[in-house]
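J.: Data: final-v6.tsv, TSV, C-alpha atoms.
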```tsv
chain	number	residue	atom	x	y	z
A	400	MET	CA	7.48	-17.43	22.82
A	401	GLU	CA	9.56	-14.64	24.35
A	402	ASN	CA	7.43	-11.89	25.82
A	403	LYS	CA	9.14	-9.12	23.91
A	404	LEU	CA	8.60	-7.40	20.59
A	405	PHE	CA	11.94	-7.85	18.81
A	406	THR	CA	12.47	-11.59	18.91
A	407	LYS	CA	15.08	-13.03	16.55
A	408	ASP	CA	12.55	-14.16	13.96
A	409	PHE	CA	10.48	-10.97	14.05
A	410	THR	CA	13.72	-8.98	13.64
A	411	LEU	CA	14.59	-11.04	10.54
A	412	VAL	CA	11.10	-10.37	9.14
A	413	VAL	CA	11.67	-6.65	9.73
A	414	ILE	CA	15.07	-6.66	7.99
A	415	GLY	CA	13.69	-8.64	5.06
A	416	GLN	CA	10.82	-6.18	4.78
A	417	ILE	CA	13.22	-3.22	4.73
A	418	ILE	CA	15.12	-4.64	1.75
A	419	SER	CA	12.12	-6.01	-0.17
A	420	LEU	CA	9.89	-2.96	0.31
A	421	PHE	CA	12.71	-0.64	-0.74
A	422	GLY	CA	12.90	-2.49	-4.05
A	423	ASN	CA	9.12	-2.39	-4.43
A	424	ALA	CA	8.96	1.33	-3.71
A	425	ALA	CA	11.73	2.15	-6.19
A	426	ILE	CA	10.27	0.15	-9.07
A	427	ARG	CA	6.70	1.35	-8.46
A	428	PHE	CA	8.06	4.89	-8.58
A	429	ALA	CA	10.25	4.52	-11.65
A	430	LEU	CA	8.18	2.42	-14.06
A	431	PRO	CA	4.94	4.47	-14.11
A	432	LEU	CA	6.90	7.73	-14.11
A	433	TYR	CA	8.97	6.54	-17.07
A	434	LEU	CA	5.77	5.77	-18.97
A	435	LEU	CA	4.25	9.14	-18.03
A	436	ASN	CA	7.41	10.98	-19.15
A	437	ARG	CA	7.45	9.16	-22.47
A	438	THR	CA	3.73	9.63	-23.25
A	439	GLY	CA	2.61	12.70	-21.24
A	440	SER	CA	-0.85	11.14	-20.87
A	441	SER	CA	-2.53	11.13	-17.44
A	442	ALA	CA	-5.34	8.97	-18.85
A	443	LEU	CA	-2.85	6.28	-19.94
A	444	TYR	CA	-1.05	6.59	-16.60
A	445	GLY	CA	-4.34	6.16	-14.72
A	446	MET	CA	-5.38	3.16	-16.83
A	447	VAL	CA	-2.00	1.42	-16.39
A	448	THR	CA	-2.16	2.05	-12.63
A	449	ALA	CA	-5.70	0.69	-12.56
A	450	CYS	CA	-4.70	-2.44	-14.49
A	451	ALA	CA	-1.77	-2.99	-12.12
A	452	PHE	CA	-4.08	-3.15	-9.11
A	453	VAL	CA	-6.36	-5.83	-10.59
A	454	PRO	CA	-3.96	-8.79	-10.02
A	455	MET	CA	-3.28	-7.54	-6.47
A	456	ILE	CA	-7.02	-7.65	-5.77
A	457	LEU	CA	-7.42	-11.09	-7.31
A	458	LEU	CA	-4.35	-12.65	-5.69
A	459	SER	CA	-4.74	-11.24	-2.16
A	460	PRO	CA	-7.33	-13.91	-1.24
A	461	VAL	CA	-5.04	-16.56	-2.75
A	462	GLY	CA	-2.18	-15.23	-0.63
A	463	GLY	CA	-4.37	-15.44	2.45
A	464	LEU	CA	-5.33	-19.05	1.73
A	465	ILE	CA	-1.70	-19.99	1.13
A	466	ALA	CA	-0.54	-18.16	4.27
A	467	ASP	CA	-2.80	-20.31	6.47
A	468	ARG	CA	-1.89	-23.63	4.80
A	469	VAL	CA	1.78	-23.29	3.74
A	470	ASN	CA	4.88	-22.37	5.74
A	471	LYS	CA	4.85	-18.56	5.65
A	472	ARG	CA	8.63	-18.32	5.41
A	473	ASN	CA	8.69	-20.42	2.25
A	474	VAL	CA	6.00	-18.25	0.69
A	475	MET	CA	7.99	-15.05	1.32
A	476	VAL	CA	11.23	-16.56	-0.01
A	477	ALA	CA	9.59	-17.89	-3.19
A	478	LEU	CA	7.80	-14.62	-3.94
A	479	ASP	CA	10.92	-12.47	-3.48
A	480	PHE	CA	12.95	-14.69	-5.83
A	481	SER	CA	10.06	-14.56	-8.34
A	482	THR	CA	9.98	-10.77	-8.18
A	483	ALA	CA	13.73	-10.57	-8.87
A	484	GLY	CA	13.24	-12.75	-11.96
A	485	LEU	CA	10.32	-10.62	-13.14
A	486	VAL	CA	12.27	-7.36	-12.94
A	487	LEU	CA	15.27	-8.90	-14.69
A	488	LEU	CA	13.02	-10.12	-17.53
A	489	SER	CA	11.44	-6.67	-17.91
A	490	MET	CA	14.92	-5.15	-18.26
A	491	LEU	CA	15.68	-7.53	-21.12
A	492	LEU	CA	12.39	-6.77	-22.91
A	493	MET	CA	12.31	-2.99	-22.36
A	494	ASN	CA	13.82	-2.00	-25.71
A	495	SER	CA	12.45	-4.82	-27.86
A	496	VAL	CA	8.73	-4.87	-26.96
A	497	ASN	CA	6.07	-2.14	-26.87
A	498	LEU	CA	6.84	0.08	-23.85
A	499	THR	CA	3.26	0.39	-22.61
A	500	LEU	CA	2.80	-3.37	-22.79
A	501	VAL	CA	6.04	-4.11	-20.90
A	502	VAL	CA	5.30	-1.56	-18.16
A	503	THR	CA	1.69	-2.66	-17.77
A	504	VAL	CA	2.43	-6.40	-17.63
A	505	THR	CA	5.41	-5.91	-15.29
A	506	LEU	CA	3.38	-3.76	-12.89
A	507	MET	CA	0.43	-6.17	-13.01
A	508	ILE	CA	2.61	-9.15	-12.08
A	509	LEU	CA	4.53	-7.10	-9.50
A	510	TYR	CA	1.33	-5.95	-7.80
A	511	GLY	CA	-0.06	-9.48	-8.04
A	512	ILE	CA	2.96	-10.85	-6.20
A	513	ALA	CA	2.60	-8.10	-3.60
A	514	GLY	CA	-1.05	-9.05	-3.20
A	515	ALA	CA	-0.06	-12.60	-2.31
A	516	TYR	CA	2.95	-11.45	-0.22
A	517	GLN	CA	1.40	-8.95	2.20
A	518	PRO	CA	-1.25	-11.28	3.73
A	519	THR	CA	1.60	-13.68	4.50
A	520	VAL	CA	3.56	-10.99	6.35
A	521	GLN	CA	0.47	-9.79	8.23
A	522	ALA	CA	-0.51	-13.36	9.16
A	523	SER	CA	2.99	-14.07	10.52
A	524	ILE	CA	2.89	-11.20	13.03
A	525	PRO	CA	0.40	-12.76	15.51
A	526	VAL	CA	2.44	-15.99	15.68
A	527	LEU	CA	5.76	-14.18	16.18
A	528	VAL	CA	4.76	-11.69	18.91
A	529	GLU	CA	2.46	-11.75	21.94
A	530	LYS	CA	-1.04	-10.30	21.72
A	531	GLU	CA	-0.13	-7.26	23.81
A	532	ASN	CA	2.63	-6.43	21.30
A	533	LEU	CA	0.41	-6.58	18.18
A	534	THR	CA	-0.08	-2.81	17.89
A	535	GLY	CA	3.64	-2.22	18.36
A	536	ALA	CA	4.53	-4.90	15.81
A	537	ASN	CA	2.11	-3.48	13.23
A	538	ALA	CA	3.51	-0.01	13.92
A	539	VAL	CA	7.05	-1.30	13.22
A	540	ILE	CA	5.96	-2.93	9.94
A	541	ASN	CA	4.22	0.30	8.91
A	542	ILE	CA	7.30	2.33	9.80
A	543	ILE	CA	9.42	-0.02	7.70
A	544	SER	CA	6.98	0.29	4.80
A	545	SER	CA	7.02	4.07	5.08
A	546	PHE	CA	10.81	4.20	5.38
A	547	ALA	CA	11.12	2.08	2.25
A	548	SER	CA	8.61	4.36	0.53
A	549	LEU	CA	10.79	7.29	1.56
A	550	SER	CA	14.18	5.97	0.55
A	551	GLY	CA	12.93	4.06	-2.52
A	552	PRO	CA	11.49	7.03	-4.45
A	553	VAL	CA	14.20	9.47	-3.31
A	554	LEU	CA	17.13	7.23	-4.28
A	555	GLY	CA	15.19	5.88	-7.24
A	556	GLY	CA	14.46	9.44	-8.37
A	557	ILE	CA	18.14	10.35	-8.10
A	558	LEU	CA	19.21	7.28	-10.09
A	559	TYR	CA	16.40	7.73	-12.60
A	560	SER	CA	17.14	11.43	-13.18
A	561	ALA	CA	20.88	10.89	-13.49
A	562	TYR	CA	21.17	7.55	-15.31
A	563	GLY	CA	17.72	6.50	-16.53
A	564	LEU	CA	15.48	3.54	-15.78
A	565	LEU	CA	17.77	0.51	-16.12
A	566	PRO	CA	20.02	1.23	-13.08
A	567	VAL	CA	16.89	1.54	-10.92
A	568	LEU	CA	15.65	-1.85	-12.13
A	569	ALA	CA	19.07	-3.44	-11.55
A	570	ALA	CA	19.15	-2.15	-7.96
A	571	CYS	CA	15.67	-3.60	-7.40
A	572	VAL	CA	16.80	-7.06	-8.58
A	573	VAL	CA	19.58	-7.00	-5.99
A	574	CYS	CA	17.12	-5.96	-3.26
A	575	PHE	CA	14.71	-8.83	-3.93
A	576	VAL	CA	17.49	-11.44	-4.01
A	577	LEU	CA	18.96	-10.16	-0.72
A	578	SER	CA	15.52	-10.17	0.91
A	579	ALA	CA	14.87	-13.77	-0.16
A	580	VAL	CA	18.24	-14.92	1.21
A	581	MET	CA	17.52	-13.13	4.52
A	582	GLU	CA	14.10	-14.76	4.85
A	583	VAL	CA	15.54	-18.29	4.50
A	584	PHE	CA	16.74	-18.02	8.13
A	585	ILE	CA	13.32	-17.08	9.61
A	586	LYS	CA	11.53	-19.70	11.72
A	587	ILE	CA	7.76	-19.16	11.75
A	588	PRO	CA	5.57	-21.61	13.75
A	589	TYR	CA	3.54	-23.68	11.32
A	590	GLN	CA	0.78	-26.21	11.91
A	591	LYS	CA	-0.35	-28.18	8.90
A	592	GLN	CA	-4.11	-28.08	8.29
A	593	GLU	CA	-6.21	-30.93	6.96
A	594	LYS	CA	-6.86	-30.75	3.21
A	595	GLY	CA	-10.18	-32.58	2.93
A	596	GLY	CA	-10.55	-32.30	-0.86
A	597	GLY	CA	-9.04	-30.84	-4.00
A	598	ILE	CA	-7.40	-27.43	-4.30
A	599	LEU	CA	-10.51	-25.66	-5.59
A	600	LEU	CA	-12.72	-27.20	-2.92
A	601	ILE	CA	-10.26	-26.23	-0.18
A	602	ALA	CA	-9.99	-22.68	-1.51
A	603	ARG	CA	-13.77	-22.30	-1.70
A	604	ARG	CA	-14.33	-23.71	1.77
A	605	ASP	CA	-11.59	-21.54	3.32
A	606	MET	CA	-12.92	-18.40	1.66
A	607	GLU	CA	-16.49	-19.17	2.74
A	608	GLU	CA	-15.27	-19.71	6.29
A	609	SER	CA	-13.50	-16.35	6.42
A	610	ILE	CA	-16.45	-14.49	4.87
A	611	GLN	CA	-18.84	-16.21	7.29
A	612	PHE	CA	-16.62	-15.13	10.19
A	613	ILE	CA	-16.76	-11.51	9.04
A	614	ARG	CA	-20.50	-11.55	8.33
A	615	GLU	CA	-21.73	-13.43	11.40
A	616	CYS	CA	-19.08	-13.19	14.11
A	617	LYS	CA	-17.54	-9.78	13.38
A	618	PRO	CA	-19.88	-7.83	11.06
A	619	ILE	CA	-18.30	-4.57	12.20
A	620	ILE	CA	-15.18	-5.58	10.22
A	621	GLY	CA	-17.28	-5.72	7.05
A	622	LYS	CA	-18.77	-2.28	7.72
A	623	GLY	CA	-15.31	-0.87	8.29
A	624	LEU	CA	-14.16	-2.34	4.97
A	625	VAL	CA	-16.97	-0.55	3.13
A	626	VAL	CA	-15.79	2.75	4.62
A	627	ILE	CA	-12.15	2.06	3.72
A	628	CYS	CA	-13.17	1.11	0.17
A	629	SER	CA	-14.96	4.43	-0.23
A	630	ILE	CA	-11.98	6.41	1.07
A	631	ASN	CA	-9.66	4.55	-1.31
A	632	LEU	CA	-11.96	5.31	-4.24
A	633	PHE	CA	-12.26	9.05	-3.67
A	634	LEU	CA	-9.11	10.06	-1.76
A	635	SER	CA	-6.28	7.53	-2.11
A	636	ALA	CA	-6.80	7.10	-5.86
A	637	MET	CA	-6.86	10.86	-6.37
A	638	ILE	CA	-3.49	11.26	-4.63
A	639	VAL	CA	-1.97	8.33	-6.57
A	640	VAL	CA	-2.85	9.97	-9.90
A	641	ALA	CA	-2.65	13.66	-8.92
A	642	LEU	CA	0.80	13.68	-7.35
A	643	PRO	CA	2.85	12.61	-10.41
A	644	TYR	CA	0.53	14.30	-12.93
A	645	LEU	CA	0.40	17.70	-11.23
A	646	ILE	CA	4.11	17.82	-10.39
A	647	THR	CA	5.56	16.45	-13.63
A	648	GLU	CA	3.00	17.61	-16.21
A	649	VAL	CA	1.06	20.64	-14.87
A	650	LEU	CA	3.34	22.70	-12.62
A	651	PRO	CA	5.96	24.87	-14.42
A	652	PHE	CA	9.08	22.77	-13.80
A	653	THR	CA	11.65	21.32	-16.17
A	654	ALA	CA	11.62	17.56	-16.65
A	655	VAL	CA	14.67	17.04	-14.43
A	656	GLN	CA	13.28	19.34	-11.71
A	657	ALA	CA	9.85	17.72	-11.85
A	658	ASN	CA	11.17	14.17	-11.51
A	659	GLY	CA	13.33	15.15	-8.54
A	660	LEU	CA	10.50	17.10	-6.87
A	661	TYR	CA	8.11	14.19	-7.39
A	662	GLY	CA	10.61	11.90	-5.66
A	663	TYR	CA	10.85	14.32	-2.73
A	664	ALA	CA	7.05	14.53	-2.51
A	665	GLN	CA	6.87	10.73	-2.37
A	666	GLY	CA	9.56	10.86	0.27
A	667	ALA	CA	7.56	13.39	2.29
A	668	MET	CA	4.58	11.03	2.24
A	669	ALA	CA	6.85	8.26	3.45
A	670	VAL	CA	8.07	10.46	6.31
A	671	GLY	CA	4.41	11.02	7.17
A	672	GLY	CA	4.00	7.26	7.27
A	673	ILE	CA	7.04	6.91	9.55
A	674	MET	CA	5.69	9.59	11.89
A	675	GLY	CA	2.30	7.89	11.88
A	676	GLY	CA	3.87	4.53	12.73
A	677	ILE	CA	5.92	6.07	15.55
A	678	SER	CA	2.84	7.87	16.86
A	679	ALA	CA	0.80	4.66	16.76
A	680	GLY	CA	3.54	2.77	18.60
A	681	ILE	CA	3.96	5.40	21.31
A	682	LEU	CA	0.21	5.89	21.80
A	683	ALA	CA	-0.71	2.20	21.47
A	684	LYS	CA	-2.09	1.99	25.01
A	685	ARG	CA	-4.07	5.23	24.71
A	686	MET	CA	-5.58	4.95	21.24
A	687	LYS	CA	-9.24	3.97	21.15
A	688	VAL	CA	-10.32	2.16	17.99
A	689	ASN	CA	-13.84	3.59	18.27
A	690	LYS	CA	-12.39	7.08	17.75
A	691	ALA	CA	-10.79	6.12	14.42
A	692	GLY	CA	-13.53	7.90	12.43
A	693	ASN	CA	-12.22	11.25	13.70
A	694	LEU	CA	-8.92	10.54	11.93
A	695	LEU	CA	-10.72	10.13	8.60
A	696	VAL	CA	-12.49	13.47	9.06
A	697	LEU	CA	-9.19	15.20	9.81
A	698	GLY	CA	-7.52	13.60	6.80
A	699	SER	CA	-10.30	14.66	4.43
A	700	VAL	CA	-9.99	18.28	5.56
A	701	CYS	CA	-6.36	18.29	4.39
A	702	VAL	CA	-7.50	17.95	0.76
A	703	PHE	CA	-9.02	21.44	0.58
A	704	PRO	CA	-5.75	23.45	0.89
A	705	MET	CA	-4.47	21.49	-2.15
A	706	GLY	CA	-7.45	22.60	-4.24
A	707	GLY	CA	-7.16	26.15	-2.91
A	708	ALA	CA	-3.48	26.37	-3.88
A	709	LEU	CA	-4.25	25.20	-7.42
A	710	LEU	CA	-6.96	27.85	-7.68
A	711	TRP	CA	-5.26	30.89	-6.20
A	712	ALA	CA	-1.48	30.42	-5.80
A	713	ASP	CA	0.66	32.09	-8.46
A	714	SER	CA	3.92	30.28	-7.73
A	715	GLY	CA	4.44	26.72	-8.93
A	716	MET	CA	6.72	26.09	-5.96
A	717	ALA	CA	4.04	27.35	-3.54
A	718	ILE	CA	1.52	24.93	-5.06
A	719	TYR	CA	4.07	22.13	-4.87
A	720	TRP	CA	4.81	22.70	-1.18
A	721	THR	CA	1.11	22.96	-0.31
A	722	ILE	CA	0.39	19.65	-2.04
A	723	THR	CA	3.43	17.99	-0.47
A	724	VAL	CA	2.66	19.14	3.09
A	725	CYS	CA	-0.99	18.12	2.80
A	726	CYS	CA	-0.05	14.68	1.50
A	727	PHE	CA	2.46	14.36	4.35
A	728	VAL	CA	-0.27	15.02	6.94
A	729	ILE	CA	-2.77	12.73	5.19
A	730	MET	CA	-0.20	9.92	5.20
A	731	TRP	CA	0.56	10.48	8.90
A	732	ILE	CA	-3.11	10.24	9.78
A	733	SER	CA	-3.86	7.28	7.51
A	734	THR	CA	-0.95	5.28	8.98
A	735	VAL	CA	-2.24	5.70	12.53
A	736	PHE	CA	-5.67	4.64	11.28
A	737	SER	CA	-4.24	1.57	9.46
A	738	VAL	CA	-2.26	0.40	12.50
A	739	GLN	CA	-5.38	0.60	14.67
A	740	MET	CA	-7.45	-1.38	12.18
A	741	LEU	CA	-4.80	-4.09	11.64
A	742	ALA	CA	-4.26	-4.66	15.36
A	743	PHE	CA	-8.03	-4.81	15.94
A	744	VAL	CA	-8.59	-7.43	13.21
A	745	GLN	CA	-5.57	-9.54	14.26
A	746	ALA	CA	-6.64	-9.54	17.91
A	747	GLU	CA	-10.23	-10.50	17.10
A	748	THR	CA	-9.49	-13.28	14.57
A	749	PRO	CA	-8.69	-16.95	15.38
A	750	PRO	CA	-5.16	-18.06	14.38
A	751	ASN	CA	-6.39	-20.48	11.70
A	752	LEU	CA	-8.30	-17.67	9.96
A	753	ILE	CA	-5.86	-14.77	10.24
A	754	GLY	CA	-4.33	-15.09	6.77
A	755	LYS	CA	-7.69	-15.48	5.04
A	756	VAL	CA	-9.42	-12.68	6.96
A	757	MET	CA	-6.48	-10.32	6.41
A	758	ALA	CA	-6.57	-11.18	2.69
A	759	VAL	CA	-10.31	-10.55	2.46
A	760	GLY	CA	-9.80	-7.23	4.22
A	761	MET	CA	-6.94	-6.21	1.94
A	762	THR	CA	-8.90	-7.28	-1.14
A	763	GLY	CA	-11.93	-5.30	-0.09
A	764	SER	CA	-9.92	-2.19	0.72
A	765	MET	CA	-8.09	-2.37	-2.62
A	766	CYS	CA	-11.10	-3.04	-4.83
A	767	ALA	CA	-11.83	0.65	-5.28
A	768	GLN	CA	-8.24	1.60	-6.19
A	769	PRO	CA	-8.23	0.62	-9.90
A	770	PHE	CA	-11.62	2.25	-10.51
A	771	GLY	CA	-10.45	5.38	-8.74
A	772	SER	CA	-7.18	5.53	-10.69
A	773	ALA	CA	-9.00	5.21	-14.00
A	774	LEU	CA	-11.63	7.76	-12.91
A	775	TYR	CA	-9.12	10.41	-11.84
A	776	GLY	CA	-6.89	9.82	-14.85
A	777	TYR	CA	-9.89	10.59	-17.05
A	778	LEU	CA	-11.07	13.56	-14.90
A	779	PHE	CA	-7.66	15.25	-14.86
A	780	GLU	CA	-7.38	14.96	-18.63
A	781	LEU	CA	-10.98	16.17	-19.09
A	782	CYS	CA	-10.40	19.12	-16.75
A	783	ALA	CA	-7.00	20.14	-18.14
A	784	GLY	CA	-6.30	23.65	-16.90
A	785	ARG	CA	-8.92	23.28	-14.13
A	786	GLU	CA	-7.30	20.54	-12.07
A	787	ALA	CA	-8.39	22.27	-8.84
A	788	LEU	CA	-11.99	21.22	-9.53
A	789	VAL	CA	-11.01	17.54	-9.51
A	790	VAL	CA	-9.10	17.90	-6.23
A	791	LEU	CA	-11.95	19.81	-4.56
A	792	PHE	CA	-14.44	17.21	-5.77
A	793	ALA	CA	-12.34	14.52	-4.06
A	794	GLY	CA	-12.20	16.58	-0.87
A	795	ILE	CA	-15.94	17.20	-0.67
A	796	VAL	CA	-16.93	13.57	-1.27
A	797	THR	CA	-14.27	12.23	1.12
A	798	PHE	CA	-15.32	14.64	3.87
A	799	ALA	CA	-18.96	13.55	3.54
A	800	ILE	CA	-17.97	9.86	3.74
A	801	ALA	CA	-15.71	10.47	6.75
A	802	VAL	CA	-18.41	12.30	8.70
A	803	LYS	CA	-20.94	9.57	7.95
A	804	SER	CA	-18.51	6.78	8.89
A	805	ARG	CA	-17.93	7.99	12.44
A	806	LYS	CA	-21.00	6.00	13.54
A	807	VAL	CA	-19.47	2.80	12.17
A	808	PHE	CA	-16.27	3.16	14.16
A	809	LEU	CA	-18.06	4.23	17.33
A	810	ALA	CA	-19.53	0.70	17.36
A	811	LEU	CA	-16.08	-0.96	17.48
```
Turn this file's structure into structure tokens for me.

T.:
Amino acid sequence: MENKLFTKDFTLVVIGQIISLFGNAAIRFALPLYLLNRTGSSALYGMVTACAFVPMILLSPVGGLIADRVNKRNVMVALDFSTAGLVLLSMLLMNSVNLTLVVTVTLMILYGIAGAYQPTVQASIPVLVEKENLTGANAVINIISSFASLSGPVLGGILYSAYGLLPVLAACVVCFVLSAVMEVFIKIPYQKQEKGGGILLIARRDMEESIQFIRECKPIIGKGLVVICSINLFLSAMIVVALPYLITEVLPFTAVQANGLYGYAQGAMAVGGIMGGISAGILAKRMKVNKAGNLLVLGSVCVFPMGGALLWADSGMAIYWTITVCCFVIMWISTVFSVQMLAFVQAETPPNLIGKVMAVGMTGSMCAQPFGSALYGYLFELCAGREALVVLFAGIVTFAIAVKSRKVFLAL
């Protein structure tokens, strides 16, 4: 293997990720927003978002098992072609089947595919780059993800505001097909593993092996996952529900203004992710993983200005900019934290377990998301007119968890 970061195959993975993640970002922006615009219900929005995360949680372990036993390139190609077919089918059904049903099922399958896809990408990194380049490689993938999250919602918001939903979906189909074609030319080292039984027996044994590794060999990974789960429940889920609901339904903007501003806010978060990825790449040699808890404390503090603006600011635009800037900083911090955690797990895990351990980690970190989305959808509707209380509640609980978790990360 060449001792450099951007080998030919890693570069192809990066390009494929740019195209595929752009399509994912655009459709995840447009579909829920379309449903929210048509219904005006934050509770329905939260429930649909929660339902969408369930297949991702269930299929992440499956993706990890497949990533360790099947050629990773073939997995990525098949899943991108499948996603293109899914989006095309949803376009055909949009006007003939119940809207809520179409959006919910499409998002559930889309998130399910993503759940199986991401462990494959993460598991391919350690076999495409040298160990000393792992942090840099993860930083690049995070930058790509953030860039796609920036350009996807912004361009998707422009298309959606000007022409409606269908052009956004059509652009996404093209993205997934192009990504699949690009990935055909990737060569990822693959060593076939012994089966030793039926599919269910193999899956059970592989999952038990990965869980045993986390529990007995690296228990600190499990403790870190508990912390991340808690942060996702009380902070990430709040932002996922609050950002579209506050901007499009609560703040005093017209529908066209609100949709555009929401796209820009999503773009600002993506810029935060890009800055976080760049920071993590530049500071890779200096960052200490045992100091990661300090990042969570800093991120939780950023929630309080959002609640304060909702309480005391008179201008809708002032509230909007406060929320956007705070989310930008939170995303910057969380990206640096994520890069540190990914590089740590990849470096400490044997090659034959990487896909499964990454999948277990992703599953654990995502488990809280659907519950949080449903919780905050209900709380925002219950506290209509007093949304600041919900945001401040999230800030207080997240700050307490972050302070408590510093001891966990000091042990890394």

J.: Report the distance between CA of Gln521 (chain A) and CA of Asn537 (chain A) in Å, rounded to one decimal place.

T.: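 About the pair CA of Gln521 (chain A) and CA of Asn537 (chain A): they are 8.2 Å apart.
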
J.: Using CA of Tyr433 (chain A) and CA of Ile417 (chain A) as the two end points, give the distance in Å to one decimal.

T.: 24.3 Å

J.: Determine the nearest neighbour of Val526 (chain A) from the options A:Thr406, A:Thr762, A:Gln665, A:Thr721, counting only C-alpha atoms.

T.: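 Smallest distance to Val526 (chain A) is found for A:Thr406.
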
J.: So the first atom is CA of Ile729 (chain A) and the second is CA of Ile681 (chain A); what is the distance between them in Å, to one decimal place?

T.: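 The value is 18.9 Å.
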
J.: Find the spatial neighbours of region 625-629 of chain A, counting all atoms listed in the file, within a cut-off of 12 Å - ignore same-chain residues fewer than 3 positions away - and output them as an NGL selection string.

T.: :A and (618-622 or 632-636 or 691-692 or 695 or 733 or 736-737 or 740 or 760-771 or 793 or 796-808)

J.: Between A:Thr499, A:Ser441, A:Val735, A:Phe727, which residue has the minimum interatomic distance to Leu694 (chain A), considering all atoms listed in the file?

T.: A:Val735

J.: Compare A:Gln745, A:Gln517, A:Asn497, A:Ser578 by their minimum atom-to-atom distance to Ala536 (chain A), counting all atoms listed in the file, and give me the closest one.

T.: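 Between A:Gln745, A:Gln517, A:Asn497, A:Ser578, the residue approaching Ala536 (chain A) most closely is A:Gln745.
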
J.: Using all atoms listed in the file, which of A:Val486, A:Ala708, A:Ala449, A:Met581 sits nearest Leu565 (chain A)?

T.: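 Of A:Val486, A:Ala708, A:Ala449, A:Met581, the one nearest Leu565 (chain A) is A:Val486, counting all atoms listed in the file.
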
J.: For a quick check of understanding, using all atoms listed in the file, which of A:Ala547, A:Ala570, A:Met475, A:Leu682 has the smallest distance to Ile587 (chain A)?

T.: A:Met475

J.: Using all atoms listed in the file, which of the listed residues (A:Leu488, A:Val469, A:Leu809, A:Met507) sits closest to Lys690 (chain A)?

T.: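 Distance minimum relative to Lys690 (chain A) lands on A:Leu809.
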
J.: Starting from the sparse input, extend region 779-789 of chain A to N, CA, C and O atoms and give the output as a tab-separated table (two decimals), in the coordinates of the input.

T.:
```tsv
chain	number	residue	atom	x	y	z
A	779	PHE	N	-8.74	14.27	-14.72
A	779	PHE	CA	-7.66	15.25	-14.86
A	779	PHE	C	-7.43	15.62	-16.32
A	779	PHE	O	-7.14	16.77	-16.64
A	780	GLU	N	-7.55	14.64	-17.22
A	780	GLU	CA	-7.38	14.96	-18.63
A	780	GLU	C	-8.57	15.76	-19.15
A	780	GLU	O	-8.41	16.67	-19.96
A	781	LEU	N	-9.78	15.43	-18.68
A	781	LEU	CA	-10.98	16.17	-19.09
A	781	LEU	C	-10.96	17.60	-18.59
A	781	LEU	O	-11.40	18.52	-19.29
A	782	CYS	N	-10.42	17.79	-17.38
A	782	CYS	CA	-10.40	19.12	-16.75
A	782	CYS	C	-9.03	19.77	-16.86
A	782	CYS	O	-8.60	20.47	-15.93
A	783	ALA	N	-8.32	19.53	-17.95
A	783	ALA	CA	-7.00	20.14	-18.14
A	783	ALA	C	-7.10	21.65	-18.02
A	783	ALA	O	-7.93	22.30	-18.66
A	784	GLY	N	-6.25	22.23	-17.17
A	784	GLY	CA	-6.30	23.65	-16.90
A	784	GLY	C	-7.20	24.01	-15.73
A	784	GLY	O	-7.15	25.12	-15.21
A	785	ARG	N	-8.03	23.07	-15.29
A	785	ARG	CA	-8.92	23.28	-14.13
A	785	ARG	C	-8.79	22.11	-13.16
A	785	ARG	O	-9.78	21.59	-12.64
A	786	GLU	N	-7.57	21.70	-12.92
A	786	GLU	CA	-7.30	20.54	-12.07
A	786	GLU	C	-7.81	20.73	-10.65
A	786	GLU	O	-8.12	19.76	-9.96
A	787	ALA	N	-7.91	22.00	-10.20
A	787	ALA	CA	-8.39	22.27	-8.84
A	787	ALA	C	-9.79	21.71	-8.62
A	787	ALA	O	-10.12	21.27	-7.51
A	788	LEU	N	-10.62	21.72	-9.66
A	788	LEU	CA	-11.99	21.22	-9.53
A	788	LEU	C	-12.00	19.74	-9.18
A	788	LEU	O	-12.82	19.27	-8.39
A	789	VAL	N	-11.09	18.98	-9.78
A	789	VAL	CA	-11.01	17.54	-9.51
A	789	VAL	C	-10.58	17.31	-8.06
A	789	VAL	O	-11.15	16.45	-7.36
```
